[in-house]
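Structure data follow from input00.cif (mmCIF, C-alpha atoms, pLDDT in the B column; chains and numbers go by the auth columns):
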```cif
data_upload
#
loop_
_atom_site.group_PDB
_atom_site.id
_atom_site.type_symbol
_atom_site.label_atom_id
_atom_site.label_comp_id
_atom_site.label_asym_id
_atom_site.label_seq_id
_atom_site.Cartn_x
_atom_site.Cartn_y
_atom_site.Cartn_z
_atom_site.B_iso_or_equiv
_atom_site.auth_seq_id
_atom_site.auth_asym_id
ATOM 1 C CA MET A 1 -25.293 -57.622 49.963 37.00 1 A
ATOM 2 C CA THR A 2 -29.008 -57.087 49.634 38.00 2 A
ATOM 3 C CA ALA A 3 -31.127 -57.218 46.491 44.00 3 A
ATOM 4 C CA ARG A 4 -31.270 -53.394 46.595 45.00 4 A
ATOM 5 C CA THR A 5 -27.450 -53.026 46.500 45.00 5 A
ATOM 6 C CA ALA A 6 -26.564 -56.023 44.318 52.00 6 A
ATOM 7 C CA GLY A 7 -24.318 -54.955 41.451 57.00 7 A
ATOM 8 C CA ARG A 8 -24.054 -51.345 42.654 60.00 8 A
ATOM 9 C CA ARG A 9 -21.116 -49.581 44.218 58.00 9 A
ATOM 10 C CA PRO A 10 -21.513 -48.812 47.894 59.00 10 A
ATOM 11 C CA SER A 11 -22.673 -45.287 48.587 85.00 11 A
ATOM 12 C CA VAL A 12 -20.275 -42.752 50.054 91.00 12 A
ATOM 13 C CA SER A 13 -21.238 -40.988 53.275 94.00 13 A
ATOM 14 C CA ARG A 14 -17.793 -39.572 54.185 97.00 14 A
ATOM 15 C CA LEU A 15 -14.578 -38.835 52.292 98.00 15 A
ATOM 16 C CA THR A 16 -10.993 -38.427 53.481 98.00 16 A
ATOM 17 C CA VAL A 17 -8.859 -36.099 51.365 97.00 17 A
ATOM 18 C CA LEU A 18 -5.103 -36.673 51.613 97.00 18 A
ATOM 19 C CA TYR A 19 -3.376 -33.425 50.629 93.00 19 A
ATOM 20 C CA ASP A 20 0.214 -32.152 50.494 88.00 20 A
ATOM 21 C CA ALA A 21 0.714 -29.988 53.591 90.00 21 A
ATOM 22 C CA GLN A 22 3.948 -28.604 52.059 85.00 22 A
ATOM 23 C CA CYS A 23 2.151 -27.139 49.042 84.00 23 A
ATOM 24 C CA SER A 24 0.730 -23.634 49.427 85.00 24 A
ATOM 25 C CA LEU A 25 -1.885 -24.321 46.724 86.00 25 A
ATOM 26 C CA CYS A 26 -2.921 -27.572 48.426 87.00 26 A
ATOM 27 C CA VAL A 27 -3.222 -25.843 51.815 90.00 27 A
ATOM 28 C CA HIS A 28 -5.242 -23.037 50.218 90.00 28 A
ATOM 29 C CA LEU A 29 -7.588 -25.569 48.590 91.00 29 A
ATOM 30 C CA ARG A 30 -7.893 -27.437 51.896 94.00 30 A
ATOM 31 C CA GLN A 31 -9.041 -24.221 53.570 96.00 31 A
ATOM 32 C CA TRP A 32 -11.413 -23.483 50.690 94.00 32 A
ATOM 33 C CA LEU A 33 -12.934 -26.977 50.929 96.00 33 A
ATOM 34 C CA MET A 34 -13.490 -26.540 54.654 96.00 34 A
ATOM 35 C CA ARG A 35 -15.418 -23.295 54.087 97.00 35 A
ATOM 36 C CA GLN A 36 -17.815 -24.884 51.587 97.00 36 A
ATOM 37 C CA ARG A 37 -21.183 -26.404 52.453 98.00 37 A
ATOM 38 C CA GLN A 38 -20.559 -30.140 52.278 97.00 38 A
ATOM 39 C CA LEU A 39 -23.178 -32.663 51.200 97.00 39 A
ATOM 40 C CA VAL A 40 -20.684 -35.386 52.033 97.00 40 A
ATOM 41 C CA PRO A 41 -18.401 -34.626 55.003 97.00 41 A
ATOM 42 C CA LEU A 42 -14.732 -34.218 54.140 98.00 42 A
ATOM 43 C CA ASP A 43 -11.892 -35.118 56.492 97.00 43 A
ATOM 44 C CA LEU A 44 -8.706 -33.386 55.352 97.00 44 A
ATOM 45 C CA VAL A 45 -5.556 -35.229 56.423 97.00 45 A
ATOM 46 C CA PRO A 46 -1.954 -34.468 55.404 96.00 46 A
ATOM 47 C CA ALA A 47 -0.609 -37.095 53.018 95.00 47 A
ATOM 48 C CA GLY A 48 2.180 -39.175 54.510 94.00 48 A
ATOM 49 C CA SER A 49 1.283 -38.155 58.064 96.00 49 A
ATOM 50 C CA ALA A 50 1.044 -40.508 61.024 96.00 50 A
ATOM 51 C CA GLU A 51 -2.750 -39.976 60.927 97.00 51 A
ATOM 52 C CA ALA A 52 -2.900 -41.030 57.254 97.00 52 A
ATOM 53 C CA HIS A 53 -0.855 -44.169 58.012 97.00 53 A
ATOM 54 C CA ARG A 54 -3.061 -44.962 61.032 97.00 54 A
ATOM 55 C CA ARG A 55 -6.309 -44.586 59.065 96.00 55 A
ATOM 56 C CA PHE A 56 -5.142 -46.389 55.920 97.00 56 A
ATOM 57 C CA PRO A 57 -2.346 -48.853 56.768 96.00 57 A
ATOM 58 C CA ALA A 58 -2.651 -50.783 53.481 94.00 58 A
ATOM 59 C CA LEU A 59 -2.525 -47.671 51.259 94.00 59 A
ATOM 60 C CA ASP A 60 0.534 -46.852 49.133 92.00 60 A
ATOM 61 C CA HIS A 61 1.435 -43.689 51.038 93.00 61 A
ATOM 62 C CA SER A 62 4.322 -42.767 48.756 89.00 62 A
ATOM 63 C CA GLY A 63 1.760 -42.488 45.945 89.00 63 A
ATOM 64 C CA THR A 64 -0.399 -40.148 48.024 90.00 64 A
ATOM 65 C CA LEU A 65 2.556 -37.772 48.231 85.00 65 A
ATOM 66 C CA GLU A 66 2.680 -37.617 44.420 82.00 66 A
ATOM 67 C CA GLU A 67 -0.993 -36.940 43.662 84.00 67 A
ATOM 68 C CA ILE A 68 -4.151 -36.016 45.516 89.00 68 A
ATOM 69 C CA THR A 69 -5.889 -39.094 46.888 95.00 69 A
ATOM 70 C CA VAL A 70 -9.413 -39.309 48.282 97.00 70 A
ATOM 71 C CA ILE A 71 -10.713 -42.341 50.146 98.00 71 A
ATOM 72 C CA GLY A 72 -14.393 -43.099 50.596 97.00 72 A
ATOM 73 C CA ASP A 73 -15.725 -44.677 53.760 95.00 73 A
ATOM 74 C CA GLY A 74 -16.625 -47.755 51.726 92.00 74 A
ATOM 75 C CA GLY A 75 -12.996 -48.265 50.687 92.00 75 A
ATOM 76 C CA GLN A 76 -13.205 -46.406 47.373 95.00 76 A
ATOM 77 C CA VAL A 77 -9.903 -44.809 46.332 96.00 77 A
ATOM 78 C CA TYR A 78 -9.878 -41.860 43.943 96.00 78 A
ATOM 79 C CA ARG A 79 -6.638 -40.411 42.582 94.00 79 A
ATOM 80 C CA SER A 80 -5.639 -37.436 40.470 91.00 80 A
ATOM 81 C CA THR A 81 -8.472 -36.122 38.259 92.00 81 A
ATOM 82 C CA SER A 82 -11.088 -38.416 39.808 94.00 82 A
ATOM 83 C CA ALA A 83 -10.056 -37.228 43.275 94.00 83 A
ATOM 84 C CA TRP A 84 -10.566 -33.573 42.332 92.00 84 A
ATOM 85 C CA ILE A 85 -13.953 -34.374 40.824 95.00 85 A
ATOM 86 C CA VAL A 86 -15.148 -36.331 43.873 96.00 86 A
ATOM 87 C CA CYS A 87 -14.121 -33.413 46.120 96.00 87 A
ATOM 88 C CA LEU A 88 -16.342 -31.092 44.054 95.00 88 A
ATOM 89 C CA TRP A 89 -19.111 -33.711 44.062 97.00 89 A
ATOM 90 C CA ALA A 90 -19.105 -33.598 47.875 97.00 90 A
ATOM 91 C CA LEU A 91 -19.886 -29.857 47.862 97.00 91 A
ATOM 92 C CA ALA A 92 -23.412 -28.477 47.608 97.00 92 A
ATOM 93 C CA GLU A 93 -22.554 -25.599 45.285 97.00 93 A
ATOM 94 C CA HIS A 94 -20.258 -27.611 43.013 95.00 94 A
ATOM 95 C CA ARG A 95 -21.968 -30.982 42.554 97.00 95 A
ATOM 96 C CA PRO A 96 -23.477 -30.017 39.164 96.00 96 A
ATOM 97 C CA LYS A 97 -20.008 -28.963 37.951 95.00 97 A
ATOM 98 C CA ALA A 98 -18.579 -32.277 39.170 94.00 98 A
ATOM 99 C CA HIS A 99 -21.179 -34.158 37.143 95.00 99 A
ATOM 100 C CA TRP A 100 -20.268 -32.090 34.065 95.00 100 A
ATOM 101 C CA LEU A 101 -16.555 -32.783 34.615 93.00 101 A
ATOM 102 C CA THR A 102 -17.232 -36.519 34.236 94.00 102 A
ATOM 103 C CA THR A 103 -18.695 -36.047 30.740 93.00 103 A
ATOM 104 C CA PRO A 104 -16.668 -36.329 27.536 94.00 104 A
ATOM 105 C CA ALA A 105 -16.815 -32.525 27.230 93.00 105 A
ATOM 106 C CA GLY A 106 -15.787 -31.856 30.833 91.00 106 A
ATOM 107 C CA ARG A 107 -13.168 -34.538 31.450 89.00 107 A
ATOM 108 C CA PRO A 108 -10.411 -32.828 29.384 89.00 108 A
ATOM 109 C CA PHE A 109 -11.006 -29.604 31.317 88.00 109 A
ATOM 110 C CA ALA A 110 -10.722 -31.468 34.630 87.00 110 A
ATOM 111 C CA ARG A 111 -7.525 -33.200 33.486 85.00 111 A
ATOM 112 C CA ALA A 112 -5.951 -29.923 32.311 86.00 112 A
ATOM 113 C CA THR A 113 -6.765 -28.304 35.667 83.00 113 A
ATOM 114 C CA VAL A 114 -5.153 -31.170 37.579 81.00 114 A
ATOM 115 C CA LEU A 115 -2.056 -31.041 35.370 82.00 115 A
ATOM 116 C CA ALA A 116 -1.735 -27.269 35.875 82.00 116 A
ATOM 117 C CA ALA A 117 -2.064 -27.678 39.654 78.00 117 A
ATOM 118 C CA ALA A 118 0.549 -30.468 39.629 75.00 118 A
ATOM 119 C CA LYS A 119 2.953 -28.289 37.678 78.00 119 A
ATOM 120 C CA TYR A 120 2.445 -25.382 40.119 74.00 120 A
ATOM 121 C CA ARG A 121 2.952 -27.758 43.046 71.00 121 A
ATOM 122 C CA SER A 122 6.158 -29.173 41.569 72.00 122 A
ATOM 123 C CA LEU A 123 7.565 -25.655 41.250 76.00 123 A
ATOM 124 C CA THR A 124 6.566 -24.387 44.704 72.00 124 A
ATOM 125 C CA ALA A 125 6.286 -27.216 47.260 61.00 125 A
ATOM 126 C CA ALA A 126 9.178 -28.678 49.214 61.00 126 A
ATOM 127 C CA PRO A 127 9.133 -32.467 48.987 58.00 127 A
ATOM 128 C CA CYS A 128 7.853 -34.243 52.078 53.00 128 A
ATOM 129 C CA GLY A 129 10.556 -35.438 54.410 49.00 129 A
ATOM 130 C CA THR A 130 12.894 -32.531 53.636 44.00 130 A
ATOM 131 C CA ASP A 131 11.878 -30.283 56.508 44.00 131 A
ATOM 132 C CA GLY A 132 15.066 -31.142 58.378 40.00 132 A
ATOM 133 C CA SER A 133 13.310 -33.086 61.128 43.00 133 A
ATOM 134 C CA GLY A 134 14.434 -36.449 59.752 41.00 134 A
ATOM 135 C CA GLY A 135 10.967 -37.848 60.376 44.00 135 A
ATOM 136 C CA GLY A 136 10.049 -38.306 56.722 45.00 136 A
ATOM 137 C CA GLU A 137 6.573 -36.822 57.249 47.00 137 A
ATOM 138 C CA CYS A 138 5.098 -33.690 55.800 46.00 138 A
ATOM 139 C CA ALA A 139 5.062 -30.800 58.219 45.00 139 A
ATOM 140 C CA VAL A 140 1.492 -29.803 58.961 42.00 140 A
ATOM 141 C CA ARG A 141 0.594 -26.147 58.987 42.00 141 A
ATOM 142 C CA GLY A 142 -2.208 -25.079 61.277 42.00 142 A
ATOM 143 C CA PRO A 143 -5.417 -23.629 59.870 41.00 143 A
ATOM 144 C CA GLU A 144 -5.578 -19.945 59.151 41.00 144 A
ATOM 145 C CA PRO A 145 -7.288 -17.850 61.852 42.00 145 A
ATOM 146 C CA GLY A 146 -11.038 -17.932 61.420 44.00 146 A
ATOM 147 C CA THR A 147 -11.139 -21.354 59.724 39.00 147 A
ATOM 148 C CA ARG A 148 -11.907 -24.704 61.291 40.00 148 A
#
```
Write-out of the structure in structure tokens:
Amino acid sequence: MTARTAGRRPSVSRLTVLYDAQCSLCVHLRQWLMRQRQLVPLDLVPAGSAEAHRRFPALDHSGTLEEITVIGDGGQVYRSTSAWIVCLWALAEHRPKAHWLTTPAGRPFARATVLAAAKYRSLTAAPCGTDGSGGGECAVRGPEPGTR
């Protein structure tokens, strides 16, 4: 640690977003994130997948199947509301909104949005490991034509 970084959190230069590949809303948001201009590159990896386990062997992967989880390249772990906010923070057009969402005025709005998305997900997504394959992983849908 240098004098310049003493007492400060390490900066983030890349984020990995673990998302539910069984959830149509989550897949839609994944595609939306990939179309945005990113100030911080986002890697989008299905939660509970072999790739997620390979990248983050010490992570509680069952927890990542319950709520969005974002991992910074410096080891930072963001869950739930904080994960949604850090995703917006990584985007050029949405960074000011992300800063607002961390304020006392914005935080309740961010929390309500996350709760609404979780409720929608619980009503529409098949739980991971129930795709009949017996593998216990989430099935991964391919990107829509015209997306990366």
**Message:** For segment 97-100 of chain A, find every residue with an atom within 10 Å (counting all atoms listed in the file), except residues of its own chain fewer than 2 positions away, and show them as JSON, numbers by chain.
**Reply:** {"A": [82, 84, 85, 86, 87, 88, 89, 90, 91, 93, 94, 95, 102, 103, 104, 105, 106, 107, 109, 110]}
**Request:** For the structure provided, state which residues fall under the PyMOL selection byres ((chain A and resi 15-30) around 6), and present them as a ChimeraX atom specification.
**Result:** /A:14,31-33,42-47,68-72,125-126,140
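Nearest-residue note for Arg35 of chain A: choosing from A:Ala92, A:Ala58, A:Ala52, A:Val77, the minimum distance belongs to A:Ala92, counting all atoms listed in the file.
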**Given the PyMOL selection byres ((chain A and resi 118) around 10), the residues it picks as a list in words** = Leu25, Cys26, Glu66, Glu67, Ile68, Ser80, Ala112, Thr113, Val114, Leu115, Ala116, Ala117, Lys119, Tyr120, Arg121, Ser122, Leu123 and Thr124 of chain A
**Prompt:** From the list A:Pro41, A:Ser13, A:Gln36, A:Gly75, which residue is nearest Arg55 of chain A when using all atoms listed in the file?
**Reply:** A:Gly75
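For the pair atom CA of Thr81 of chain A and atom CA of Gln38 of chain A, the separation is 19.5 Å.
Between atom CA of Leu59 of chain A and atom CA of Leu101 of chain A lies a distance of 26.4 Å.
Atom pair atom CA of Arg37 of chain A / atom CA of Ala50 of chain A has a distance of 27.7 Å (rounded to one decimal).
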As JSON, please: the centre and edge lengths in Å, to one decimal, of an axis-aligned box enclosing every listed atom of segment 111-115 of chain A with 6 Å added on each side.
```
{"center_x": -4.8, "center_y": -30.8, "center_z": 34.9, "size_x": 17.5, "size_y": 16.9, "size_z": 17.3}
```
Where atoms are absent from segment 92-108 of chain A, fill them in so it carries N, CA, C and O atoms, then output it as a compact mmCIF listing (two decimals), in the coordinates of the input.
```txt
# COMPACT_ATOMS: atom_id res chain seq x y z
N ALA A 92 -22.07 -28.85 48.05
CA ALA A 92 -23.41 -28.48 47.61
C ALA A 92 -23.39 -27.59 46.37
O ALA A 92 -24.13 -27.82 45.41
N GLU A 93 -22.56 -26.57 46.38
CA GLU A 93 -22.55 -25.60 45.28
C GLU A 93 -21.86 -26.11 44.03
O GLU A 93 -22.00 -25.51 42.96
N HIS A 94 -21.09 -27.18 44.13
CA HIS A 94 -20.26 -27.61 43.01
C HIS A 94 -20.60 -28.99 42.48
O HIS A 94 -19.95 -29.46 41.54
N ARG A 95 -21.62 -29.64 43.04
CA ARG A 95 -21.97 -30.98 42.55
C ARG A 95 -22.36 -30.98 41.08
O ARG A 95 -21.91 -31.85 40.32
N PRO A 96 -23.16 -30.01 40.61
CA PRO A 96 -23.48 -30.02 39.16
C PRO A 96 -22.22 -29.90 38.29
O PRO A 96 -22.11 -30.57 37.26
N LYS A 97 -21.26 -29.09 38.71
CA LYS A 97 -20.01 -28.96 37.95
C LYS A 97 -19.25 -30.29 37.97
O LYS A 97 -18.68 -30.69 36.96
N ALA A 98 -19.26 -30.98 39.09
CA ALA A 98 -18.58 -32.28 39.17
C ALA A 98 -19.20 -33.27 38.19
O ALA A 98 -18.48 -34.01 37.51
N HIS A 99 -20.52 -33.26 38.10
CA HIS A 99 -21.18 -34.16 37.14
C HIS A 99 -20.76 -33.81 35.72
O HIS A 99 -20.48 -34.70 34.92
N TRP A 100 -20.69 -32.51 35.40
CA TRP A 100 -20.27 -32.09 34.06
C TRP A 100 -18.83 -32.51 33.79
O TRP A 100 -18.50 -32.92 32.68
N LEU A 101 -17.97 -32.43 34.80
CA LEU A 101 -16.56 -32.78 34.62
C LEU A 101 -16.35 -34.26 34.31
O LEU A 101 -15.28 -34.65 33.84
N THR A 102 -17.35 -35.09 34.56
CA THR A 102 -17.23 -36.52 34.24
C THR A 102 -17.68 -36.83 32.81
O THR A 102 -17.53 -37.96 32.36
N THR A 103 -18.22 -35.84 32.11
CA THR A 103 -18.70 -36.05 30.74
C THR A 103 -17.53 -35.97 29.76
O THR A 103 -16.46 -35.44 30.09
N PRO A 104 -17.73 -36.46 28.55
CA PRO A 104 -16.67 -36.33 27.54
C PRO A 104 -16.25 -34.87 27.29
O PRO A 104 -15.08 -34.61 27.02
N ALA A 105 -17.16 -33.94 27.42
CA ALA A 105 -16.82 -32.52 27.23
C ALA A 105 -16.04 -31.98 28.43
O ALA A 105 -15.13 -31.18 28.27
N GLY A 106 -16.39 -32.41 29.62
CA GLY A 106 -15.79 -31.86 30.83
C GLY A 106 -14.50 -32.53 31.27
O GLY A 106 -13.64 -31.89 31.89
N ARG A 107 -14.34 -33.79 30.97
CA ARG A 107 -13.17 -34.54 31.45
C ARG A 107 -11.83 -33.91 31.01
O ARG A 107 -10.93 -33.81 31.84
N PRO A 108 -11.68 -33.47 29.76
CA PRO A 108 -10.41 -32.83 29.38
C PRO A 108 -10.13 -31.55 30.19
O PRO A 108 -8.98 -31.27 30.53
```
